[in-house]
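*Asks:* Have a look at this one before I ask anything.
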Amino acid sequence: MTGDARFEDGGDKPLRLKALDEMDLSVLSALAQDAVFPASEMQWLPRRRRFAILLNRFRWEDADRATTRRRAVERVQSVLSIEDVRKVQSQGVPRGDSEVILSLLSISFEAGEDGTGRVTLTLAGDGAIALEVDALEILLQDVTRPYIAPSKKTPDHPE
């Protein structure tokens with residue numbers, strides 16, 4: 001995993017991780033799990049071959065410390081950027097309603113025989129966004145300081 005993320009007690013260093021293989025992607029996917037975003041915050045830039053989303057994600061990397069201190073898991077806004085994108089397709093994503101709120105469940109990668117592949121963003125409610133890519137290169141980068149959401153609710157993930 002490349003990047004400069006450091007999770008030190010008391011530190012609020014922004015997360016910046018790049019996934020270049022499936023092992024990296026599993027870590028990145030876990031950190032982005034349960035992130036929410038309005039459909040208007042997705043953008044495909046075909047000339048730059050980039051697909052980006054401004055996410056509102058839980059800081060899962062800090063969840064154990066939050067539980068120990070009996071406080072809500074903080075949220076942070078992050079940019080999820082997928083590079084070398086050739087094609088974008090969506091299924092079950094409402095069209096025409098840019099303010100519908102989407103919830104990201106996972107990010108996966110299926111490698112093709114020629115080094116290319118497909119990145120799939122699985123969304124709650126049976127939605128998905130599939131991106132055909134020339135290579136796996138995904139960046140997750142925090143862009144705001146952490147904060148506690150007014151609801152103070154954290155998704156429950158039974159073990």
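Letters A, B, ... go to the chains of the structure tokens in the order shown; residues in each chain start at 1; ligands are counted from 1 in the same order.
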Using backbone DSSP assignments, extract all alpha helix (DSSP H) residues from range 48-130 of chain A; output them as a count of residues only.
*Replies:* 6
*Asks:* Neighbours of Leu131 in chain A within 7 Å (only C-alpha atoms; same-chain residues fewer than 5 positions away dropped), as an MDAnalysis selection string?
*Replies:* chainID A and resid 85 87:89 118:120
*Asks:* Residues at most 10 Å from Val100 in chain A, counting only C-alpha atoms, excluding those fewer than 5 positions away in the same chain, as a ChimeraX atom specification?
*Replies:* /A:37-40,93-95
*Asks:* Could you please take those selected residues and save all heavy atoms as a PDB file, in the first residue's frame?
*Replies:*
```pdb
ATOM      1  N   PHE A  37     -22.865   9.561  -0.635  1.00  0.00           N
ATOM      2  CA  PHE A  37     -22.613  10.707  -1.506  1.00  0.00           C
ATOM      3  C   PHE A  37     -23.832  10.959  -2.377  1.00  0.00           C
ATOM      4  O   PHE A  37     -24.529  10.022  -2.772  1.00  0.00           O
ATOM      5  CB  PHE A  37     -21.376  10.460  -2.388  1.00  0.00           C
ATOM      6  CG  PHE A  37     -21.462   9.234  -3.251  1.00  0.00           C
ATOM      7  CD1 PHE A  37     -21.868   9.325  -4.574  1.00  0.00           C
ATOM      8  CD2 PHE A  37     -21.148   7.977  -2.740  1.00  0.00           C
ATOM      9  CE1 PHE A  37     -21.953   8.191  -5.374  1.00  0.00           C
ATOM     10  CE2 PHE A  37     -21.227   6.839  -3.535  1.00  0.00           C
ATOM     11  CZ  PHE A  37     -21.635   6.953  -4.853  1.00  0.00           C
ATOM     12  N   PRO A  38     -24.099  12.233  -2.687  1.00  0.00           N
ATOM     13  CA  PRO A  38     -25.162  12.509  -3.651  1.00  0.00           C
ATOM     14  C   PRO A  38     -24.675  12.149  -5.048  1.00  0.00           C
ATOM     15  O   PRO A  38     -23.486  12.273  -5.351  1.00  0.00           O
ATOM     16  CB  PRO A  38     -25.403  14.013  -3.528  1.00  0.00           C
ATOM     17  CG  PRO A  38     -24.356  14.551  -2.640  1.00  0.00           C
ATOM     18  CD  PRO A  38     -23.546  13.424  -2.091  1.00  0.00           C
ATOM     19  N   ALA A  39     -25.579  11.697  -5.893  1.00  0.00           N
ATOM     20  CA  ALA A  39     -25.206  11.323  -7.260  1.00  0.00           C
ATOM     21  C   ALA A  39     -24.505  12.479  -7.976  1.00  0.00           C
ATOM     22  O   ALA A  39     -23.655  12.252  -8.834  1.00  0.00           O
ATOM     23  CB  ALA A  39     -26.437  10.873  -8.034  1.00  0.00           C
ATOM     24  N   SER A  40     -24.816  13.703  -7.596  1.00  0.00           N
ATOM     25  CA  SER A  40     -24.189  14.876  -8.231  1.00  0.00           C
ATOM     26  C   SER A  40     -22.692  14.966  -7.950  1.00  0.00           C
ATOM     27  O   SER A  40     -21.979  15.695  -8.633  1.00  0.00           O
ATOM     28  CB  SER A  40     -24.876  16.163  -7.764  1.00  0.00           C
ATOM     29  OG  SER A  40     -24.737  16.310  -6.362  1.00  0.00           O
ATOM     30  N   VAL A  93     -28.751   2.767 -10.650  1.00  0.00           N
ATOM     31  CA  VAL A  93     -28.451   4.106 -10.153  1.00  0.00           C
ATOM     32  C   VAL A  93     -29.477   5.045 -10.778  1.00  0.00           C
ATOM     33  O   VAL A  93     -29.549   5.144 -11.999  1.00  0.00           O
ATOM     34  CB  VAL A  93     -27.016   4.547 -10.530  1.00  0.00           C
ATOM     35  CG1 VAL A  93     -26.744   5.963 -10.060  1.00  0.00           C
ATOM     36  CG2 VAL A  93     -25.995   3.572  -9.954  1.00  0.00           C
ATOM     37  N   PRO A  94     -30.287   5.718  -9.939  1.00  0.00           N
ATOM     38  CA  PRO A  94     -31.331   6.586 -10.490  1.00  0.00           C
ATOM     39  C   PRO A  94     -30.752   7.662 -11.409  1.00  0.00           C
ATOM     40  O   PRO A  94     -29.769   8.306 -11.072  1.00  0.00           O
ATOM     41  CB  PRO A  94     -31.967   7.225  -9.251  1.00  0.00           C
ATOM     42  CG  PRO A  94     -31.585   6.340  -8.116  1.00  0.00           C
ATOM     43  CD  PRO A  94     -30.270   5.718  -8.494  1.00  0.00           C
ATOM     44  N   ARG A  95     -31.345   7.811 -12.562  1.00  0.00           N
ATOM     45  CA  ARG A  95     -30.905   8.838 -13.515  1.00  0.00           C
ATOM     46  C   ARG A  95     -31.813  10.055 -13.401  1.00  0.00           C
ATOM     47  O   ARG A  95     -32.993   9.935 -13.137  1.00  0.00           O
ATOM     48  CB  ARG A  95     -30.946   8.295 -14.931  1.00  0.00           C
ATOM     49  CG  ARG A  95     -30.022   7.102 -15.133  1.00  0.00           C
ATOM     50  CD  ARG A  95     -29.800   6.859 -16.613  1.00  0.00           C
ATOM     51  NE  ARG A  95     -29.075   5.635 -16.832  1.00  0.00           N
ATOM     52  CZ  ARG A  95     -27.749   5.555 -16.859  1.00  0.00           C
ATOM     53  NH1 ARG A  95     -27.035   6.610 -16.672  1.00  0.00           N
ATOM     54  NH2 ARG A  95     -27.165   4.392 -17.078  1.00  0.00           N
TER      55      ARG A  95
END
```
*Asks:* Residues at most 7 Å from Ser29 in chain A, counting only C-alpha atoms, excluding those fewer than 4 positions away in the same chain, as an mmCIF file with N, CA, C and O atoms, in the first residue's frame?
*Replies:*
```cif
data_model
loop_
_atom_site.group_PDB
_atom_site.id
_atom_site.type_symbol
_atom_site.label_atom_id
_atom_site.label_comp_id
_atom_site.auth_asym_id
_atom_site.auth_seq_id
_atom_site.Cartn_x
_atom_site.Cartn_y
_atom_site.Cartn_z
ATOM 1 N N LEU A 25 -6.504 -2.900 -2.695
ATOM 2 C CA LEU A 25 -7.894 -2.544 -2.914
ATOM 3 C C LEU A 25 -8.790 -3.049 -1.794
ATOM 4 O O LEU A 25 -9.746 -2.374 -1.404
ATOM 5 N N GLN A 33 -16.066 1.698 2.982
ATOM 6 C CA GLN A 33 -17.348 1.033 3.215
ATOM 7 C C GLN A 33 -18.306 1.954 3.954
ATOM 8 O O GLN A 33 -17.919 2.647 4.892
ATOM 9 N N SER A 106 -18.930 -1.632 -1.366
ATOM 10 C CA SER A 106 -17.610 -2.220 -1.589
ATOM 11 C C SER A 106 -17.056 -1.807 -2.947
ATOM 12 O O SER A 106 -17.783 -1.325 -3.810
ATOM 13 N N ILE A 107 -15.757 -2.028 -3.091
ATOM 14 C CA ILE A 107 -15.059 -1.794 -4.352
ATOM 15 C C ILE A 107 -14.315 -3.081 -4.674
ATOM 16 O O ILE A 107 -13.591 -3.614 -3.831
#
```
*Asks:* In Å to one decimal, how far is CA of Glu83 in chain A from CA of Glu110 in chain A?
*Replies:*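 Computing it gives 15.3 Å between the two atoms.
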*Asks:* Which residue gives the smallest distance to Thr122 in chain A among A:Leu105, A:Asp62, A:Ile53, A:Glu99, with only C-alpha atoms counted?
*Replies:*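 Going through A:Leu105, A:Asp62, A:Ile53, A:Glu99 one by one, the smallest distance to Thr122 in chain A is for A:Leu105.
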*Asks:* Which residues, written as number ranges by chain, have at least one atom at most 8 Å from Leu28 in chain A, with only C-alpha atoms counted and residues fewer than 6 positions away on the same chain left out?
*Replies:* A: 17-19, 140
*Asks:* Would you kindly return, as a ChimeraX atom specification, each protein, DNA or RNA residue with an atom no farther than 8 Å from any atom of Phe58 in chain A, considering only C-alpha atoms and excluding same-chain residues fewer than 5 positions away?
*Replies:* /A:31-35,73-76,154
*Asks:* Between CA of Val133 in chain A and CA of Leu104 in chain A, what is the distance in Å, rounded to a tenth?
*Replies:*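 Answer for the CA of Val133 in chain A to CA of Leu104 in chain A separation: 19.3 Å.
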*Asks:* Using only C-alpha atoms, pick whichever of A:Ser90, A:Asn56, A:Thr116, A:Ser151 has the shortest atom-to-atom distance to Ala135 in chain A.
*Replies:*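 Of A:Ser90, A:Asn56, A:Thr116, A:Ser151, the one nearest Ala135 in chain A, counting only C-alpha atoms, is A:Thr116.
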*Asks:* Using Å and a single decimal, report how far CA of Ala130 in chain A sits from CA of Glu113 in chain A.
*Replies:*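 Separation of CA of Glu113 in chain A and CA of Ala130 in chain A: 17.4 Å.
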*Asks:* Env of Gln43 in chain A: 10 Å cut, atoms = only C-alpha atoms, seq-sep filter 4 positions within chain, self excluded. Answer as a PyMOL selection string.
*Replies:* chain A and resi 39+50-54+81
*Asks:* Write a file of the selected residues as a short mmCIF file (atom, residue, chain, number, x, y, z; two decimals), in the first residue's frame, keeping N, CA and C atoms.
*Replies:*
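Written out: out.cif:
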```cif
data_model
loop_
_atom_site.label_atom_id
_atom_site.label_comp_id
_atom_site.auth_asym_id
_atom_site.auth_seq_id
_atom_site.Cartn_x
_atom_site.Cartn_y
_atom_site.Cartn_z
N ALA A 39 -25.58 11.70 -5.89
CA ALA A 39 -25.21 11.32 -7.26
C ALA A 39 -24.51 12.48 -7.98
N ARG A 50 -10.51 9.64 -16.00
CA ARG A 50 -10.63 9.58 -14.54
C ARG A 50 -12.10 9.60 -14.15
N PHE A 51 -12.44 8.80 -13.14
CA PHE A 51 -13.76 8.80 -12.53
C PHE A 51 -13.55 9.16 -11.06
N ALA A 52 -14.27 10.16 -10.57
CA ALA A 52 -14.05 10.62 -9.20
C ALA A 52 -15.38 10.81 -8.48
N ILE A 53 -15.34 10.59 -7.16
CA ILE A 53 -16.50 10.78 -6.30
C ILE A 53 -16.04 11.48 -5.02
N LEU A 54 -16.81 12.49 -4.60
CA LEU A 54 -16.59 13.11 -3.30
C LEU A 54 -17.47 12.37 -2.30
N SER A 81 -10.73 8.45 -6.41
CA SER A 81 -10.38 8.73 -7.80
C SER A 81 -9.87 7.45 -8.46
#
```
*Asks:* List every residue of chain A that DSSP, applied to the backbone, labels as strand (DSSP E or B), and write the result as a tab-separated table (two decimals) with N, CA, C and O atoms, in the first residue's frame.
*Replies:*
```tsv
chain	number	residue	atom	x	y	z
A	2	THR	N	0.70	2.07	-0.96
A	2	THR	CA	1.51	3.29	-1.02
A	2	THR	C	0.72	4.42	-0.40
A	2	THR	O	-0.50	4.39	-0.33
A	3	GLY	N	1.39	5.41	0.11
A	3	GLY	CA	0.71	6.57	0.68
A	3	GLY	C	1.39	7.02	1.95
A	3	GLY	O	2.45	6.51	2.33
A	16	ARG	N	-4.38	9.14	2.89
A	16	ARG	CA	-4.08	9.22	1.45
A	16	ARG	C	-3.48	7.88	1.06
A	16	ARG	O	-2.32	7.60	1.34
A	17	LEU	N	-4.30	7.05	0.41
A	17	LEU	CA	-3.87	5.71	0.03
A	17	LEU	C	-4.10	5.47	-1.45
A	17	LEU	O	-5.10	5.93	-2.01
A	18	LYS	N	-3.19	4.72	-2.05
A	18	LYS	CA	-3.33	4.36	-3.46
A	18	LYS	C	-3.32	2.84	-3.56
A	18	LYS	O	-2.43	2.18	-3.03
A	19	ALA	N	-4.33	2.29	-4.25
A	19	ALA	CA	-4.41	0.85	-4.46
A	19	ALA	C	-3.93	0.55	-5.87
A	19	ALA	O	-4.45	1.08	-6.84
A	36	VAL	N	-21.28	7.66	1.96
A	36	VAL	CA	-22.46	8.14	1.26
A	36	VAL	C	-22.09	9.36	0.43
A	36	VAL	O	-21.14	10.08	0.75
A	37	PHE	N	-22.87	9.56	-0.63
A	37	PHE	CA	-22.61	10.71	-1.51
A	37	PHE	C	-23.83	10.96	-2.38
A	37	PHE	O	-24.53	10.02	-2.77
A	38	PRO	N	-24.10	12.23	-2.69
A	38	PRO	CA	-25.16	12.51	-3.65
A	38	PRO	C	-24.68	12.15	-5.05
A	38	PRO	O	-23.49	12.27	-5.35
A	42	MET	N	-20.55	12.52	-8.31
A	42	MET	CA	-19.81	11.59	-9.17
A	42	MET	C	-19.47	12.33	-10.46
A	42	MET	O	-20.32	13.04	-11.00
A	43	GLN	N	-18.28	12.11	-10.96
A	43	GLN	CA	-17.93	12.74	-12.22
A	43	GLN	C	-16.96	11.87	-13.00
A	43	GLN	O	-15.96	11.40	-12.47
A	44	TRP	N	-17.29	11.65	-14.27
A	44	TRP	CA	-16.38	10.96	-15.18
A	44	TRP	C	-15.78	12.00	-16.10
A	44	TRP	O	-16.50	12.77	-16.75
A	45	LEU	N	-14.47	12.04	-16.15
A	45	LEU	CA	-13.74	12.97	-17.00
A	45	LEU	C	-13.08	12.15	-18.11
A	45	LEU	O	-11.93	11.70	-17.97
A	50	ARG	N	-10.51	9.64	-16.00
A	50	ARG	CA	-10.63	9.58	-14.54
A	50	ARG	C	-12.10	9.60	-14.15
A	50	ARG	O	-12.91	10.32	-14.73
A	51	PHE	N	-12.44	8.80	-13.14
A	51	PHE	CA	-13.76	8.80	-12.53
A	51	PHE	C	-13.55	9.16	-11.06
A	51	PHE	O	-12.73	8.53	-10.39
A	52	ALA	N	-14.27	10.16	-10.57
A	52	ALA	CA	-14.05	10.62	-9.20
A	52	ALA	C	-15.38	10.81	-8.48
A	52	ALA	O	-16.39	11.15	-9.09
A	53	ILE	N	-15.34	10.59	-7.16
A	53	ILE	CA	-16.50	10.78	-6.30
A	53	ILE	C	-16.04	11.48	-5.02
A	53	ILE	O	-15.03	11.10	-4.43
A	54	LEU	N	-16.81	12.49	-4.60
A	54	LEU	CA	-16.59	13.11	-3.30
A	54	LEU	C	-17.47	12.37	-2.30
A	54	LEU	O	-18.70	12.45	-2.37
A	55	LEU	N	-16.84	11.61	-1.42
A	55	LEU	CA	-17.53	10.75	-0.45
A	55	LEU	C	-17.57	11.38	0.93
A	55	LEU	O	-16.67	12.10	1.32
A	56	ASN	N	-18.59	11.02	1.68
A	56	ASN	CA	-18.66	11.33	3.10
A	56	ASN	C	-18.51	9.98	3.78
A	56	ASN	O	-19.44	9.18	3.81
A	57	ARG	N	-17.31	9.67	4.28
A	57	ARG	CA	-17.04	8.33	4.78
A	57	ARG	C	-16.80	8.31	6.28
A	57	ARG	O	-16.43	9.32	6.88
A	58	PHE	N	-17.05	7.15	6.88
A	58	PHE	CA	-16.68	6.93	8.28
A	58	PHE	C	-15.18	6.72	8.35
A	58	PHE	O	-14.59	6.14	7.44
A	75	ARG	N	-16.58	11.15	10.88
A	75	ARG	CA	-16.70	11.13	9.42
A	75	ARG	C	-15.68	12.10	8.85
A	75	ARG	O	-15.17	12.97	9.55
A	76	VAL	N	-15.43	11.95	7.57
A	76	VAL	CA	-14.53	12.85	6.86
A	76	VAL	C	-14.93	12.83	5.39
A	76	VAL	O	-15.43	11.81	4.89
A	77	GLN	N	-14.75	13.94	4.70
A	77	GLN	CA	-14.98	13.92	3.26
A	77	GLN	C	-13.70	13.49	2.59
A	77	GLN	O	-12.61	13.95	2.94
A	78	SER	N	-13.85	12.60	1.61
A	78	SER	CA	-12.71	12.04	0.89
A	78	SER	C	-13.03	12.00	-0.59
A	78	SER	O	-14.19	11.88	-0.98
A	79	VAL	N	-11.99	12.05	-1.39
A	79	VAL	CA	-12.14	11.88	-2.83
A	79	VAL	C	-11.66	10.47	-3.18
A	79	VAL	O	-10.58	10.06	-2.78
A	80	LEU	N	-12.51	9.76	-3.90
A	80	LEU	CA	-12.17	8.46	-4.46
A	80	LEU	C	-11.95	8.69	-5.94
A	80	LEU	O	-12.86	9.12	-6.64
A	81	SER	N	-10.73	8.45	-6.41
A	81	SER	CA	-10.38	8.73	-7.80
A	81	SER	C	-9.87	7.45	-8.46
A	81	SER	O	-8.94	6.81	-7.95
A	82	ILE	N	-10.48	7.09	-9.58
A	82	ILE	CA	-10.10	5.88	-10.32
A	82	ILE	C	-9.51	6.34	-11.64
A	82	ILE	O	-10.13	7.10	-12.38
A	85	VAL	N	-9.58	5.09	-16.83
A	85	VAL	CA	-10.93	4.60	-17.10
A	85	VAL	C	-11.27	4.76	-18.58
A	85	VAL	O	-11.15	5.84	-19.13
A	86	ARG	N	-11.68	3.66	-19.21
A	86	ARG	CA	-12.07	3.68	-20.63
A	86	ARG	C	-13.58	3.81	-20.81
A	86	ARG	O	-14.04	4.37	-21.79
A	87	LYS	N	-14.34	3.22	-19.88
A	87	LYS	CA	-15.79	3.17	-20.05
A	87	LYS	C	-16.44	3.08	-18.67
A	87	LYS	O	-15.91	2.43	-17.77
A	88	VAL	N	-17.60	3.73	-18.54
A	88	VAL	CA	-18.36	3.70	-17.28
A	88	VAL	C	-19.78	3.26	-17.58
A	88	VAL	O	-20.41	3.77	-18.51
A	89	GLN	N	-20.29	2.30	-16.81
A	89	GLN	CA	-21.67	1.83	-16.93
A	89	GLN	C	-22.26	1.78	-15.53
A	89	GLN	O	-21.55	1.49	-14.57
A	90	SER	N	-23.56	2.05	-15.44
A	90	SER	CA	-24.21	1.95	-14.13
A	90	SER	C	-25.47	1.10	-14.25
A	90	SER	O	-26.07	1.00	-15.32
A	91	GLN	N	-25.82	0.50	-13.13
A	91	GLN	CA	-27.02	-0.33	-13.06
A	91	GLN	C	-27.68	-0.02	-11.73
A	91	GLN	O	-27.02	-0.03	-10.68
A	101	ILE	N	-29.17	10.19	-2.65
A	101	ILE	CA	-28.01	9.81	-1.86
A	101	ILE	C	-27.71	8.34	-2.09
A	101	ILE	O	-28.58	7.48	-1.94
A	102	LEU	N	-26.46	8.05	-2.46
A	102	LEU	CA	-26.00	6.69	-2.71
A	102	LEU	C	-25.08	6.25	-1.59
A	102	LEU	O	-24.39	7.07	-0.99
A	103	SER	N	-25.07	4.95	-1.31
A	103	SER	CA	-24.24	4.40	-0.25
A	103	SER	C	-23.33	3.32	-0.84
A	103	SER	O	-23.80	2.37	-1.44
A	104	LEU	N	-22.04	3.50	-0.66
A	104	LEU	CA	-21.04	2.59	-1.20
A	104	LEU	C	-20.85	1.40	-0.25
A	104	LEU	O	-20.55	1.59	0.93
A	105	LEU	N	-21.02	0.20	-0.77
A	105	LEU	CA	-20.82	-1.00	0.04
A	105	LEU	C	-19.43	-1.58	-0.12
A	105	LEU	O	-18.81	-2.01	0.85
A	106	SER	N	-18.93	-1.63	-1.37
A	106	SER	CA	-17.61	-2.22	-1.59
A	106	SER	C	-17.06	-1.81	-2.95
A	106	SER	O	-17.78	-1.33	-3.81
A	107	ILE	N	-15.76	-2.03	-3.09
A	107	ILE	CA	-15.06	-1.79	-4.35
A	107	ILE	C	-14.32	-3.08	-4.67
A	107	ILE	O	-13.59	-3.61	-3.83
A	108	SER	N	-14.50	-3.58	-5.89
A	108	SER	CA	-13.82	-4.82	-6.28
A	108	SER	C	-13.17	-4.65	-7.64
A	108	SER	O	-13.49	-3.72	-8.39
A	109	PHE	N	-12.28	-5.57	-7.96
A	109	PHE	CA	-11.56	-5.53	-9.24
A	109	PHE	C	-11.53	-6.93	-9.82
A	109	PHE	O	-11.22	-7.90	-9.14
A	110	GLU	N	-11.85	-7.02	-11.11
A	110	GLU	CA	-11.76	-8.27	-11.85
A	110	GLU	C	-10.76	-8.05	-12.98
A	110	GLU	O	-11.01	-7.26	-13.89
A	111	ALA	N	-9.64	-8.74	-12.91
A	111	ALA	CA	-8.58	-8.57	-13.91
A	111	ALA	C	-8.94	-9.26	-15.21
A	111	ALA	O	-9.51	-10.36	-15.20
A	117	GLY	N	-8.98	-4.46	-16.89
A	117	GLY	CA	-9.90	-5.06	-15.94
A	117	GLY	C	-11.14	-4.23	-15.73
A	117	GLY	O	-11.37	-3.25	-16.43
A	118	ARG	N	-11.90	-4.65	-14.72
A	118	ARG	CA	-13.15	-3.98	-14.39
A	118	ARG	C	-13.18	-3.70	-12.90
A	118	ARG	O	-13.04	-4.61	-12.08
A	119	VAL	N	-13.37	-2.42	-12.56
A	119	VAL	CA	-13.58	-2.00	-11.18
A	119	VAL	C	-15.08	-1.88	-10.99
A	119	VAL	O	-15.76	-1.25	-11.80
A	120	THR	N	-15.60	-2.49	-9.93
A	120	THR	CA	-17.03	-2.41	-9.65
A	120	THR	C	-17.24	-1.75	-8.29
A	120	THR	O	-16.67	-2.19	-7.29
A	121	LEU	N	-18.04	-0.69	-8.30
A	121	LEU	CA	-18.46	-0.03	-7.07
A	121	LEU	C	-19.87	-0.55	-6.77
A	121	LEU	O	-20.81	-0.27	-7.52
A	122	THR	N	-20.00	-1.35	-5.72
A	122	THR	CA	-21.29	-1.91	-5.36
A	122	THR	C	-21.98	-0.96	-4.39
A	122	THR	O	-21.39	-0.55	-3.39
A	123	LEU	N	-23.24	-0.62	-4.71
A	123	LEU	CA	-24.00	0.35	-3.93
A	123	LEU	C	-25.16	-0.34	-3.22
A	123	LEU	O	-25.65	-1.39	-3.68
A	127	GLY	N	-27.53	-1.38	-6.57
A	127	GLY	CA	-26.92	-0.54	-7.60
A	127	GLY	C	-25.46	-0.89	-7.77
A	127	GLY	O	-24.82	-1.45	-6.88
A	128	ALA	N	-24.93	-0.56	-8.93
A	128	ALA	CA	-23.50	-0.80	-9.19
A	128	ALA	C	-23.03	0.15	-10.28
A	128	ALA	O	-23.79	0.55	-11.16
A	129	ILE	N	-21.76	0.50	-10.18
A	129	ILE	CA	-21.09	1.28	-11.22
A	129	ILE	C	-19.89	0.45	-11.64
A	129	ILE	O	-19.06	0.06	-10.81
A	130	ALA	N	-19.81	0.14	-12.94
A	130	ALA	CA	-18.72	-0.68	-13.47
A	130	ALA	C	-17.85	0.22	-14.34
A	130	ALA	O	-18.35	0.96	-15.19
A	131	LEU	N	-16.55	0.13	-14.11
A	131	LEU	CA	-15.59	0.95	-14.86
A	131	LEU	C	-14.59	0.03	-15.54
A	131	LEU	O	-13.92	-0.76	-14.86
A	132	GLU	N	-14.49	0.12	-16.85
A	132	GLU	CA	-13.45	-0.62	-17.56
A	132	GLU	C	-12.19	0.22	-17.50
A	132	GLU	O	-12.20	1.39	-17.87
A	133	VAL	N	-11.10	-0.40	-17.00
A	133	VAL	CA	-9.85	0.32	-16.79
A	133	VAL	C	-8.70	-0.38	-17.49
A	133	VAL	O	-8.72	-1.59	-17.72
A	138	ILE	N	-6.32	3.28	-7.94
A	138	ILE	CA	-7.39	3.97	-7.24
A	138	ILE	C	-6.78	4.73	-6.06
A	138	ILE	O	-5.99	4.17	-5.30
A	139	LEU	N	-7.18	5.97	-5.90
A	139	LEU	CA	-6.69	6.82	-4.83
A	139	LEU	C	-7.85	7.19	-3.91
A	139	LEU	O	-8.92	7.58	-4.39
A	140	LEU	N	-7.66	7.07	-2.61
A	140	LEU	CA	-8.60	7.54	-1.61
A	140	LEU	C	-7.87	8.57	-0.78
A	140	LEU	O	-6.85	8.27	-0.17
A	141	GLN	N	-8.40	9.80	-0.79
A	141	GLN	CA	-7.70	10.90	-0.11
A	141	GLN	C	-8.69	11.76	0.66
A	141	GLN	O	-9.67	12.25	0.11
A	142	ASP	N	-8.43	11.94	1.97
A	142	ASP	CA	-9.26	12.83	2.78
A	142	ASP	C	-9.03	14.27	2.36
A	142	ASP	O	-7.88	14.67	2.10
A	147	TYR	N	-14.96	14.97	11.58
A	147	TYR	CA	-16.02	15.59	12.38
A	147	TYR	C	-17.00	14.50	12.79
A	147	TYR	O	-17.03	13.42	12.21
```
